[in-house]
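Engineer: Quick one, start04.cif (mmCIF, C-alpha atoms):
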data_data
#
loop_
_atom_site.label_atom_id
_atom_site.label_comp_id
_atom_site.auth_asym_id
_atom_site.auth_seq_id
_atom_site.Cartn_x
_atom_site.Cartn_y
_atom_site.Cartn_z
CA MET T 1 -37.60 -77.20 -57.50
CA THR T 2 -38.44 -77.00 -53.81
CA GLY T 3 -37.73 -73.85 -51.81
CA PRO T 4 -36.52 -73.73 -48.23
CA GLU T 5 -38.60 -75.29 -45.47
CA THR T 6 -41.33 -72.89 -44.47
CA LEU T 7 -42.92 -72.09 -41.10
CA ASP T 8 -46.24 -70.34 -41.49
CA CYS T 9 -46.60 -67.94 -38.57
CA ARG T 10 -48.99 -65.55 -40.28
CA GLY T 11 -51.64 -64.28 -37.92
CA GLN T 12 -49.39 -64.85 -34.90
CA ARG T 13 -48.23 -61.97 -32.72
CA CYS T 14 -44.68 -61.57 -31.49
CA PRO T 15 -42.97 -63.29 -29.78
CA LEU T 16 -44.73 -66.38 -31.24
CA PRO T 17 -43.01 -66.36 -34.67
CA VAL T 18 -39.61 -66.04 -32.97
CA ILE T 19 -40.46 -68.91 -30.61
CA ALA T 20 -41.50 -71.09 -33.57
CA LEU T 21 -38.22 -70.23 -35.31
CA ALA T 22 -36.19 -71.05 -32.19
CA ARG T 23 -37.94 -74.45 -31.88
CA ARG T 24 -37.61 -75.49 -35.52
CA LEU T 25 -34.18 -74.26 -36.59
CA PRO T 26 -32.11 -76.63 -34.37
CA GLU T 27 -33.94 -79.57 -35.99
CA LEU T 28 -32.57 -78.63 -39.41
CA PRO T 29 -29.03 -79.49 -40.55
CA VAL T 30 -26.33 -76.83 -40.21
CA GLY T 31 -26.35 -74.70 -43.35
CA ALA T 32 -30.06 -75.20 -44.03
CA VAL T 33 -32.35 -72.22 -44.55
CA LEU T 34 -35.70 -71.84 -42.79
CA ARG T 35 -38.30 -69.44 -44.13
CA VAL T 36 -40.56 -67.89 -41.48
CA LEU T 37 -43.76 -66.39 -42.85
CA ALA T 38 -45.01 -63.70 -40.48
CA ASP T 39 -47.20 -60.63 -40.81
CA ASP T 40 -46.74 -59.15 -37.35
CA PRO T 41 -44.65 -56.00 -37.97
CA ALA T 42 -42.50 -56.80 -34.93
CA ALA T 43 -41.13 -59.90 -36.71
CA ALA T 44 -39.14 -57.65 -39.06
CA VAL T 45 -37.23 -56.38 -36.00
CA ASP T 46 -37.22 -59.45 -33.80
CA ILE T 47 -36.16 -62.17 -36.26
CA PRO T 48 -32.88 -60.39 -37.22
CA ALA T 49 -32.34 -59.55 -33.52
CA TRP T 50 -32.83 -63.22 -32.54
CA CYS T 51 -30.31 -64.29 -35.20
CA ARG T 52 -27.76 -61.84 -33.78
CA MET T 53 -28.36 -63.00 -30.19
CA ARG T 54 -28.22 -66.70 -31.14
CA GLY T 55 -25.34 -66.53 -33.65
CA GLN T 56 -27.49 -67.63 -36.60
CA GLU T 57 -27.48 -66.00 -40.05
CA TYR T 58 -30.29 -63.65 -41.00
CA VAL T 59 -30.38 -64.10 -44.78
CA GLY T 60 -33.01 -61.43 -45.42
CA ALA T 61 -36.63 -60.57 -45.97
CA VAL T 62 -38.70 -62.19 -48.70
CA THR T 63 -42.37 -61.67 -49.60
CA ASP T 64 -44.35 -62.14 -46.37
CA GLY T 65 -41.38 -63.73 -44.65
CA TYR T 66 -37.80 -63.93 -43.46
CA ASP T 67 -35.04 -66.42 -44.30
CA VAL T 68 -32.72 -67.69 -41.57
CA ARG T 69 -29.74 -70.03 -42.06
CA ARG T 70 -28.62 -72.37 -39.28
CA LEU T 71 -24.92 -71.74 -38.55
CA THR T 72 -24.46 -73.62 -35.27
CA MET W 1 -46.38 -51.62 -1.74
CA SER W 2 -46.44 -49.87 -5.11
CA THR W 3 -43.43 -48.55 -6.90
CA TYR W 4 -43.65 -46.04 -9.72
CA PHE W 5 -40.96 -46.54 -12.37
CA ASP W 6 -42.38 -44.52 -15.26
CA ALA W 7 -41.08 -40.99 -14.70
CA ALA W 8 -40.22 -40.69 -18.40
CA SER W 9 -43.96 -40.74 -19.14
CA ALA W 10 -44.94 -38.47 -16.25
CA ALA W 11 -42.75 -37.45 -13.33
CA PRO W 12 -44.55 -37.26 -9.97
CA LEU W 13 -45.68 -33.71 -9.19
CA HIS W 14 -42.88 -31.90 -7.37
CA PRO W 15 -43.97 -30.48 -3.95
CA VAL W 16 -42.99 -27.00 -5.15
CA ALA W 17 -45.23 -27.42 -8.22
CA ARG W 18 -48.15 -28.45 -6.04
CA GLN W 19 -47.64 -25.52 -3.69
CA ALA W 20 -47.28 -23.01 -6.55
CA LEU W 21 -50.27 -24.46 -8.39
CA LEU W 22 -52.58 -24.15 -5.37
CA ALA W 23 -51.39 -20.60 -4.66
CA ALA W 24 -51.79 -19.59 -8.30
CA LEU W 25 -55.29 -21.06 -8.47
CA ASP W 26 -56.26 -18.63 -5.72
CA ASP W 27 -54.31 -15.69 -7.05
CA GLY W 28 -53.98 -16.23 -10.78
CA TRP W 29 -57.40 -17.16 -12.11
CA LEU W 30 -58.04 -13.73 -13.61
CA ASP W 31 -57.32 -12.88 -17.22
CA PRO W 32 -53.83 -11.33 -17.09
CA ASP W 33 -54.55 -9.29 -20.24
CA LYS W 34 -57.28 -7.20 -18.58
CA LEU W 35 -56.58 -3.67 -17.45
CA TYR W 36 -58.46 -3.53 -14.14
CA SER W 37 -56.39 -3.61 -11.01
CA GLN W 38 -57.56 -7.08 -9.86
CA ALA W 39 -55.99 -8.59 -12.99
CA ARG W 40 -52.66 -7.02 -12.18
CA ARG W 41 -51.80 -9.83 -9.75
CA ALA W 42 -52.36 -12.42 -12.50
CA ARG W 43 -50.18 -10.41 -14.88
CA GLN W 44 -47.43 -10.21 -12.27
CA LEU W 45 -47.57 -13.97 -11.72
CA LEU W 46 -47.34 -14.68 -15.44
CA ASP W 47 -44.48 -12.23 -15.93
CA ALA W 48 -42.60 -13.67 -12.98
CA ALA W 49 -43.10 -17.22 -14.30
CA ARG W 50 -41.83 -16.18 -17.72
CA GLY W 51 -38.80 -14.51 -16.20
CA SER W 52 -38.02 -17.50 -14.00
CA MET W 53 -38.44 -20.00 -16.83
CA ALA W 54 -36.26 -17.92 -19.17
CA GLU W 55 -33.56 -17.79 -16.52
CA SER W 56 -33.76 -21.54 -15.91
CA LEU W 57 -33.45 -22.25 -19.63
CA ARG W 58 -30.85 -19.49 -20.07
CA VAL W 59 -32.83 -17.79 -22.85
CA ARG W 60 -34.52 -14.40 -23.27
CA GLU W 61 -38.07 -13.92 -22.09
CA ASN W 62 -39.30 -12.97 -25.55
CA GLU W 63 -37.90 -16.19 -26.98
CA LEU W 64 -40.27 -18.25 -24.82
CA TYR W 65 -43.72 -19.59 -25.76
CA PHE W 66 -46.00 -21.51 -23.41
CA CYS W 67 -48.37 -24.04 -24.93
CA ALA W 68 -50.74 -26.81 -23.95
CA SER W 69 -48.32 -29.76 -23.98
CA GLY W 70 -44.87 -30.97 -25.00
CA THR W 71 -46.51 -32.52 -28.04
CA GLU W 72 -47.94 -29.16 -29.09
CA ALA W 73 -44.58 -27.47 -28.50
CA ALA W 74 -42.91 -30.04 -30.76
CA ARG W 75 -45.52 -29.53 -33.47
CA LEU W 76 -45.15 -25.74 -33.29
CA ALA W 77 -41.36 -26.03 -33.51
CA VAL W 78 -41.52 -28.22 -36.60
CA ARG W 79 -44.42 -26.55 -38.43
CA GLY W 80 -43.24 -23.03 -37.63
CA GLY W 81 -39.62 -23.90 -38.46
CA LEU W 82 -40.62 -25.35 -41.83
CA ASP W 83 -43.03 -22.51 -42.65
CA GLY W 84 -40.40 -19.91 -41.76
CA ARG W 85 -37.99 -21.28 -44.35
CA HIS W 86 -40.37 -22.41 -47.07
CA ARG W 87 -38.48 -20.27 -49.59
CA VAL W 88 -35.32 -22.32 -48.97
CA GLY W 89 -37.03 -25.66 -49.23
CA VAL W 90 -39.43 -28.08 -47.60
CA THR W 91 -37.17 -30.91 -46.46
CA PHE W 92 -37.29 -31.83 -42.77
CA VAL W 93 -34.25 -33.85 -41.63
CA ARG W 94 -34.51 -35.73 -38.32
CA SER W 95 -33.11 -38.73 -36.54
CA ALA W 96 -35.14 -41.92 -36.91
CA VAL W 97 -35.62 -42.10 -33.13
CA GLU W 98 -37.30 -38.73 -32.52
CA HIS W 99 -40.46 -38.71 -30.41
CA SER W 100 -43.56 -39.53 -32.44
CA SER W 101 -44.85 -35.97 -31.91
CA VAL W 102 -41.83 -34.72 -33.92
CA LEU W 103 -42.01 -37.43 -36.60
CA GLN W 104 -45.74 -36.88 -37.06
CA ALA W 105 -45.53 -33.08 -37.20
CA ALA W 106 -44.38 -33.24 -40.83
CA PRO W 107 -43.03 -35.79 -43.31
CA GLY W 108 -39.24 -35.87 -43.47
CA VAL W 109 -35.96 -37.64 -44.08
CA ASP W 110 -35.08 -40.09 -41.28
CA VAL W 111 -31.36 -40.30 -40.44
CA PRO W 112 -30.42 -43.77 -39.13
CA VAL W 113 -29.01 -44.54 -35.69
CA ASP W 114 -26.55 -47.20 -34.55
CA ARG W 115 -27.33 -50.22 -32.34
CA LEU W 116 -27.03 -47.99 -29.23
CA GLY W 117 -29.50 -45.48 -30.65
CA ARG W 118 -26.96 -42.76 -31.42
CA VAL W 119 -27.56 -40.82 -34.63
CA ASP W 120 -25.17 -41.47 -37.55
CA LEU W 121 -23.44 -38.06 -37.72
CA ASP W 122 -21.96 -38.65 -41.19
CA ALA W 123 -25.41 -39.42 -42.57
CA PHE W 124 -26.83 -36.45 -40.62
CA ALA W 125 -24.16 -34.14 -42.13
CA LYS W 126 -24.96 -35.35 -45.65
CA ALA W 127 -28.70 -34.99 -45.11
CA VAL W 128 -28.56 -31.41 -43.78
CA ALA W 129 -26.09 -30.32 -46.48
CA ALA W 130 -28.44 -31.43 -49.27
CA PRO W 131 -30.27 -28.66 -51.13
CA GLY W 132 -33.74 -27.63 -49.97
CA VAL W 133 -33.42 -28.48 -46.27
CA ALA W 134 -35.64 -26.15 -44.21
CA LEU W 135 -35.18 -27.66 -40.75
CA ALA W 136 -33.29 -30.38 -38.89
CA ALA W 137 -34.28 -32.06 -35.62
CA LEU W 138 -32.22 -34.02 -33.13
CA MET W 139 -33.51 -34.82 -29.65
CA SER W 140 -31.27 -34.16 -26.66
CA ALA W 141 -31.73 -37.72 -25.40
CA ASN W 142 -34.02 -40.55 -26.30
CA HIS W 143 -37.19 -41.06 -24.29
CA GLU W 144 -37.28 -44.84 -24.71
CA VAL W 145 -33.68 -45.96 -24.36
CA GLY W 146 -31.96 -42.99 -22.70
CA THR W 147 -29.18 -42.57 -25.26
CA VAL W 148 -27.86 -39.00 -25.30
CA GLN W 149 -27.52 -37.56 -28.80
CA PRO W 150 -24.51 -35.57 -30.05
CA VAL W 151 -26.40 -32.28 -30.12
CA GLU W 152 -23.30 -30.10 -30.07
CA GLU W 153 -21.79 -31.84 -33.11
CA ALA W 154 -25.14 -31.80 -34.92
CA ALA W 155 -25.54 -28.08 -34.19
CA ALA W 156 -22.10 -27.41 -35.73
CA LEU W 157 -23.04 -29.42 -38.83
CA CYS W 158 -26.31 -27.50 -39.11
CA ALA W 159 -24.51 -24.16 -38.70
CA ASP W 160 -22.13 -25.13 -41.53
CA ALA W 161 -25.11 -25.96 -43.74
CA GLY W 162 -27.07 -22.86 -42.66
CA VAL W 163 -29.94 -25.02 -41.40
CA PRO W 164 -31.67 -24.30 -38.06
CA LEU W 165 -31.61 -27.14 -35.54
CA TYR W 166 -34.62 -28.03 -33.42
CA VAL W 167 -33.88 -29.93 -30.19
CA ASP W 168 -36.64 -31.85 -28.41
CA ALA W 169 -35.27 -31.65 -24.87
CA ALA W 170 -38.28 -33.17 -23.09
CA GLN W 171 -36.25 -35.84 -21.28
CA SER W 172 -33.30 -33.57 -20.43
CA VAL W 173 -34.66 -30.25 -19.17
CA GLY W 174 -34.61 -30.27 -15.37
CA ARG W 175 -32.21 -33.24 -15.29
CA VAL W 176 -29.14 -32.59 -17.40
CA ASN W 177 -27.73 -29.64 -19.33
CA VAL W 178 -28.58 -29.30 -23.00
CA PRO W 179 -25.65 -28.13 -25.16
CA ALA W 180 -26.02 -24.75 -26.92
CA GLY W 181 -26.10 -24.12 -30.65
CA TRP W 182 -29.73 -24.96 -31.37
CA SER W 183 -32.31 -22.57 -32.88
CA LEU W 184 -35.50 -24.12 -31.49
CA LEU W 185 -36.06 -26.16 -28.33
CA SER W 186 -39.09 -27.73 -26.71
CA ALA W 187 -39.76 -29.27 -23.32
CA SER W 188 -42.66 -30.55 -21.24
CA ALA W 189 -43.32 -29.62 -17.60
CA HIS W 190 -44.89 -33.02 -17.01
CA LYS W 191 -41.46 -34.64 -17.48
CA TRP W 192 -39.62 -32.60 -14.85
CA GLY W 193 -42.21 -32.74 -12.07
CA GLY W 194 -44.35 -29.82 -13.14
CA PRO W 195 -48.08 -30.13 -13.81
CA PRO W 196 -49.43 -31.76 -16.97
CA GLY W 197 -50.57 -29.44 -19.75
CA VAL W 198 -47.59 -27.11 -20.02
CA GLY W 199 -45.31 -27.28 -23.04
CA VAL W 200 -42.43 -24.88 -23.53
CA LEU W 201 -41.10 -23.74 -26.87
CA VAL W 202 -37.99 -21.59 -27.27
CA VAL W 203 -37.29 -19.82 -30.54
CA ARG W 204 -33.87 -18.15 -30.50
CA LYS W 205 -33.68 -14.62 -31.85
CA GLY W 206 -32.79 -14.58 -35.53
CA THR W 207 -34.48 -17.91 -36.25
CA ARG W 208 -36.91 -17.87 -39.14
CA TRP W 209 -40.06 -19.20 -37.51
CA LEU W 210 -43.68 -18.50 -38.37
CA ASP W 211 -46.22 -19.19 -35.65
CA PRO W 212 -48.65 -21.56 -37.40
CA ARG W 213 -51.48 -20.63 -35.01
CA PRO W 214 -53.91 -17.89 -36.08
CA THR W 215 -53.49 -16.30 -32.62
CA GLU W 216 -51.48 -17.23 -29.56
CA PRO W 217 -53.95 -18.82 -27.13
CA PRO W 218 -53.87 -17.63 -23.51
CA ALA W 219 -51.57 -19.62 -21.23
CA ASN W 220 -52.92 -21.84 -18.44
CA LEU W 221 -51.61 -19.39 -15.89
CA PRO W 222 -51.67 -21.47 -12.66
CA ALA W 223 -50.06 -24.42 -14.45
CA VAL W 224 -47.41 -22.19 -16.03
CA VAL W 225 -46.58 -20.68 -12.62
CA ALA W 226 -46.24 -24.19 -11.17
CA ALA W 227 -44.11 -25.31 -14.13
CA ALA W 228 -41.69 -22.40 -13.71
CA ALA W 229 -41.41 -22.81 -9.94
CA SER W 230 -40.83 -26.56 -10.17
CA LEU W 231 -38.22 -26.20 -12.93
CA ARG W 232 -36.25 -23.85 -10.74
CA ALA W 233 -36.54 -26.33 -7.85
CA VAL W 234 -35.55 -29.44 -9.80
CA GLN W 235 -32.64 -27.67 -11.48
CA SER W 236 -31.18 -26.74 -8.11
CA THR W 237 -30.97 -30.46 -7.21
CA ALA W 238 -30.49 -31.90 -10.71
CA ALA W 239 -26.76 -32.58 -10.40
CA ALA W 240 -27.19 -34.35 -7.06
CA GLU W 241 -30.16 -36.32 -8.39
CA ALA W 242 -28.19 -37.44 -11.44
CA THR W 243 -25.34 -38.54 -9.18
CA ARG W 244 -27.78 -40.52 -7.06
CA LEU W 245 -29.89 -42.09 -9.85
CA SER W 246 -27.18 -42.92 -12.38
CA PRO W 247 -25.61 -45.67 -10.21
CA LEU W 248 -29.09 -47.12 -9.64
CA VAL W 249 -29.50 -47.37 -13.42
CA ASP W 250 -26.05 -49.00 -13.61
CA ARG W 251 -27.16 -51.47 -10.95
CA ILE W 252 -30.25 -52.34 -12.99
CA ARG W 253 -28.21 -52.71 -16.18
CA THR W 254 -25.62 -55.05 -14.68
CA THR W 255 -27.93 -57.03 -12.39
CA VAL W 256 -30.61 -57.68 -15.03
CA ALA W 257 -27.93 -58.82 -17.49
CA ALA W 258 -26.49 -61.17 -14.85
CA THR W 259 -29.71 -62.59 -13.37
CA VAL W 260 -32.15 -62.78 -16.30
CA PRO W 261 -31.10 -65.20 -19.06
CA ASP W 262 -31.45 -64.13 -22.70
CA VAL W 263 -31.99 -60.45 -22.05
CA GLU W 264 -30.81 -57.57 -24.19
CA ILE W 265 -30.01 -54.36 -22.30
CA VAL W 266 -30.75 -51.58 -24.72
CA GLY W 267 -29.22 -48.12 -25.23
CA ASP W 268 -25.85 -46.50 -24.59
CA PRO W 269 -24.40 -47.75 -21.27
CA VAL W 270 -22.35 -44.55 -20.78
CA GLY W 271 -23.71 -41.69 -22.90
CA ARG W 272 -27.18 -41.92 -21.42
CA LEU W 273 -29.73 -40.14 -19.25
CA PRO W 274 -29.21 -40.65 -15.51
CA HIS W 275 -32.68 -42.01 -14.78
CA LEU W 276 -33.76 -44.33 -17.57
CA VAL W 277 -32.98 -47.91 -18.63
CA THR W 278 -34.57 -50.28 -21.13
CA PHE W 279 -34.20 -54.02 -21.72
CA SER W 280 -35.89 -56.76 -23.75
CA CYS W 281 -36.49 -60.35 -22.63
CA LEU W 282 -36.35 -62.97 -25.35
CA TYR W 283 -39.55 -65.04 -25.93
CA VAL W 284 -41.54 -62.98 -23.43
CA ASP W 285 -44.74 -61.13 -24.30
CA GLY W 286 -44.25 -57.46 -23.36
CA GLU W 287 -47.85 -56.96 -22.29
CA ALA W 288 -47.80 -60.06 -20.07
CA LEU W 289 -44.54 -58.88 -18.51
CA LEU W 290 -45.94 -55.41 -17.85
CA HIS W 291 -49.04 -56.85 -16.17
CA ALA W 292 -47.03 -59.39 -14.14
CA LEU W 293 -44.83 -56.58 -12.82
CA ASP W 294 -47.92 -54.44 -12.16
CA ARG W 295 -49.41 -57.25 -10.03
CA ARG W 296 -46.24 -57.16 -7.95
CA GLY W 297 -46.58 -53.40 -7.56
CA PHE W 298 -44.16 -52.10 -10.21
CA ALA W 299 -45.37 -49.56 -12.77
CA VAL W 300 -43.13 -49.72 -15.85
CA SER W 301 -43.51 -48.86 -19.52
CA SER W 302 -42.94 -51.02 -22.61
CA GLY W 303 -42.07 -50.42 -26.27
CA SER W 304 -43.33 -53.84 -27.36
CA SER W 305 -45.92 -53.87 -30.12
CA CYS W 306 -48.52 -55.67 -28.01
CA THR W 307 -48.56 -52.76 -25.56
CA SER W 308 -49.10 -50.08 -28.22
CA SER W 309 -52.45 -48.98 -29.58
CA THR W 310 -51.16 -49.41 -33.14
CA LEU W 311 -49.81 -52.94 -32.46
CA ARG W 312 -46.53 -51.84 -34.05
CA PRO W 313 -43.23 -52.18 -32.22
CA SER W 314 -41.58 -49.01 -31.01
CA HIS W 315 -40.01 -47.15 -33.95
CA VAL W 316 -37.04 -46.46 -31.68
CA LEU W 317 -36.26 -50.15 -31.04
CA GLU W 318 -36.93 -50.83 -34.73
CA ALA W 319 -34.46 -48.15 -35.87
CA MET W 320 -31.83 -49.52 -33.47
CA GLY W 321 -32.36 -53.09 -34.69
CA VAL W 322 -32.79 -54.46 -31.17
CA LEU W 323 -35.25 -57.01 -29.84
CA SER W 324 -38.66 -55.36 -29.47
CA HIS W 325 -40.71 -58.02 -27.67
CA GLY W 326 -40.53 -58.52 -23.91
CA ASN W 327 -39.50 -54.88 -23.61
CA VAL W 328 -39.46 -52.96 -20.33
CA ARG W 329 -38.52 -49.34 -19.70
CA VAL W 330 -37.72 -48.35 -16.13
CA SER W 331 -37.46 -44.62 -15.42
CA LEU W 332 -36.60 -43.31 -11.97
CA HIS W 333 -37.38 -40.03 -10.19
CA SER W 334 -36.66 -38.07 -7.03
CA ASP W 335 -38.80 -40.35 -4.83
CA THR W 336 -37.12 -43.54 -6.09
CA THR W 337 -35.15 -45.35 -3.40
CA SER W 338 -32.30 -47.82 -3.61
CA GLU W 339 -34.53 -50.33 -1.78
CA GLU W 340 -37.22 -50.08 -4.47
CA VAL W 341 -34.63 -50.82 -7.13
CA ASP W 342 -33.34 -53.82 -5.15
CA ARG W 343 -36.88 -55.14 -4.67
CA PHE W 344 -37.48 -54.87 -8.41
CA LEU W 345 -34.22 -56.67 -9.16
CA ALA W 346 -35.15 -59.43 -6.69
CA VAL W 347 -38.58 -59.95 -8.27
CA LEU W 348 -37.78 -59.63 -11.99
CA PRO W 349 -35.88 -62.93 -12.64
CA GLY W 350 -38.74 -64.99 -11.17
CA VAL W 351 -41.38 -63.04 -13.10
CA VAL W 352 -39.56 -63.61 -16.40
CA ALA W 353 -38.90 -67.28 -15.59
CA ASP W 354 -42.60 -67.85 -14.74
CA LEU W 355 -43.75 -66.24 -17.99
CA ARG W 356 -41.29 -68.35 -19.97
CA ALA W 357 -42.43 -71.50 -18.17
CA GLN W 358 -46.08 -70.67 -18.88
CA ALA W 359 -45.27 -70.16 -22.56
CA GLY W 360 -43.26 -73.39 -22.64
CA VAL W 361 -40.11 -71.65 -23.86
CA SER W 362 -37.78 -72.25 -20.89
CA GLY W 363 -34.34 -73.28 -22.10
CA LEU W 364 -35.22 -72.59 -25.74
#
Using structure tokens, write down the structure that the file contains.

Structural biologist:
Amino acid sequence: MTGPETLDCRGQRCPLPVIALARRLPELPVGAVLRVLADDPAAAVDIPAWCRMRGQEYVGAVTDGYDVRRLT
Amino acid sequence: MSTYFDAASAAPLHPVARQALLAALDDGWLDPDKLYSQARRARQLLDAARGSMAESLRVRENELYFCASGTEAARLAVRGGLDGRHRVGVTFVRSAVEHSSVLQAAPGVDVPVDRLGRVDLDAFAKAVAAPGVALAALMSANHEVGTVQPVEEAAALCADAGVPLYVDAAQSVGRVNVPAGWSLLSASAHKWGGPPGVGVLVVRKGTRWLDPRPTEPPANLPAVVAAAASLRAVQSTAAAEATRLSPLVDRIRTTVAATVPDVEIVGDPVGRLPHLVTFSCLYVDGEALLHALDRRGFAVSSGSSCTSSTLRPSHVLEAMGVLSHGNVRVSLHSDTTSEEVDRFLAVLPGVVADLRAQAGVSGL
């Protein structure tokens, strides 16, 4: 079984993980989930905030990462 | 041309504070506790400062303690408030957006805030009504986003629960009135235009509070005199200043939202301090933004993680669930002019656009 597509942004400081998310998500089909791995503590705040500002779904935090579903 | 927009960190020294400080350095360098006649002048100065400060804060003179900083005043309020009620319990209830000096004074239960930074009063009521609560803390208004907290309502909830309320009023004293009903209050002269190094703690009569210090250290007399004189001066113009600055903050809020794409204006647009506004710019590095504005002559503050020594985002922005990168706090003061604000608003969109272009995120 394969999990969601993963972006490895570990070691990157904000806003880089959010920028990587914003670049990659529109390339996925609507409904797909993207997992962003990030260890910068700001990602825990900024990824849900980006989803709210961009109308995408913040699915939740997983180990070392955050799942985002493309809605639009 | 340089423009200082960080009054919430340190307000420029008020002319009255400067004048009083210089006079008190000449007249008030003696130990006011000595009995010889030369020390009498120092004692008179200290007594007069205490009387003036008590009047400004509308408290009794013997409820007032001077200390070395607002941070120390906050620590004394929390430690002494907890120690005074250790028989009741050890729990310290506070909003999640208190100043770090309050949060770090003792471990505690953090009450959440909403997206605007306003404390959840239902959760606050539940938390203070739980058994074993020694002390509750709610700031008068937030130092990072300007949101004014419902102190009056919180004080009523605390009274019902029999729990003393500590109010960190550092951003309000000298600018706006603080509602009554609290048991402990702290402030910092540095924030109202007084000299650095003077914290004020008020412990209302009847409050169980144990001074955690082995002895009360002597006050920095010249600085205390300057703090008291400047508080009196700023209070006399506070209402007019609020009326002047609040529309400037409104102008920043509406113009930034209209001229900078993908920006989140943070904090309560209405129930807020008159002089402070915060916003976050998507995809922009907060440190780069701060330095770019500095190069154009604007001194601002930021709650972004890259600008903090701990590399953690501001706990305030985190608790509110708002964007933490690309964050800028602008805080105005009595020297701030409408022209300075307009110049900032003219420069900001280009600065943000340049940083986004450099990072290759334009139109993302």

Engineer: Quick one: residues within 9 Å of Leu135 (chain W), only C-alpha atoms, excluding same-chain residues fewer than 4 positions away - as a PyMOL selection string?

Structural biologist: chain W and resi 78+81-82+85+89-94+128+163-166

Engineer: Would you pick out the contacts of Leu34 (chain T) at 9 Å or less, using all atoms listed in the file, so that residues sharing its chain but fewer than 4 positions from it are not included, and give the list as a CSV table (one decimal) with C-alpha atoms, in the frame of the given file?

Structural biologist:
chain,number,residue,atom,x,y,z
T,4,PRO,CA,-36.5,-73.7,-48.2
T,5,GLU,CA,-38.6,-75.3,-45.5
T,6,THR,CA,-41.3,-72.9,-44.5
T,7,LEU,CA,-42.9,-72.1,-41.1
T,21,LEU,CA,-38.2,-70.2,-35.3
T,24,ARG,CA,-37.6,-75.5,-35.5
T,25,LEU,CA,-34.2,-74.3,-36.6
T,28,LEU,CA,-32.6,-78.6,-39.4
T,66,TYR,CA,-37.8,-63.9,-43.5
T,67,ASP,CA,-35.0,-66.4,-44.3
T,68,VAL,CA,-32.7,-67.7,-41.6
T,69,ARG,CA,-29.7,-70.0,-42.1
T,70,ARG,CA,-28.6,-72.4,-39.3

Engineer: Only residues of chain T matter here; which ones have an atom within 12 Å of chain W, counting all atoms listed in the file? Give them as a ChimeraX atom specification.

Structural biologist: /T:12-26,39-54

Engineer: Excluding region 145-157 of chain W and residues on its chain fewer than 5 positions from it, collect all residues at most 10 Å away from it, counting all atoms listed in the file, and give them as a PyMOL selection string.

Structural biologist: chain W and resi 8+95+97+113+116-122+124-126+128-129+136-140+162-167+171-172+178-183+265-279+303+316-317+320+328-331

Engineer: Taking the file as shown, what set of residues would the PyMOL selection byres ((chain W and resi 28) around 12) give back, as a PyMOL selection string?

Structural biologist: chain W and resi 20-27+29-33+38-49+219-226
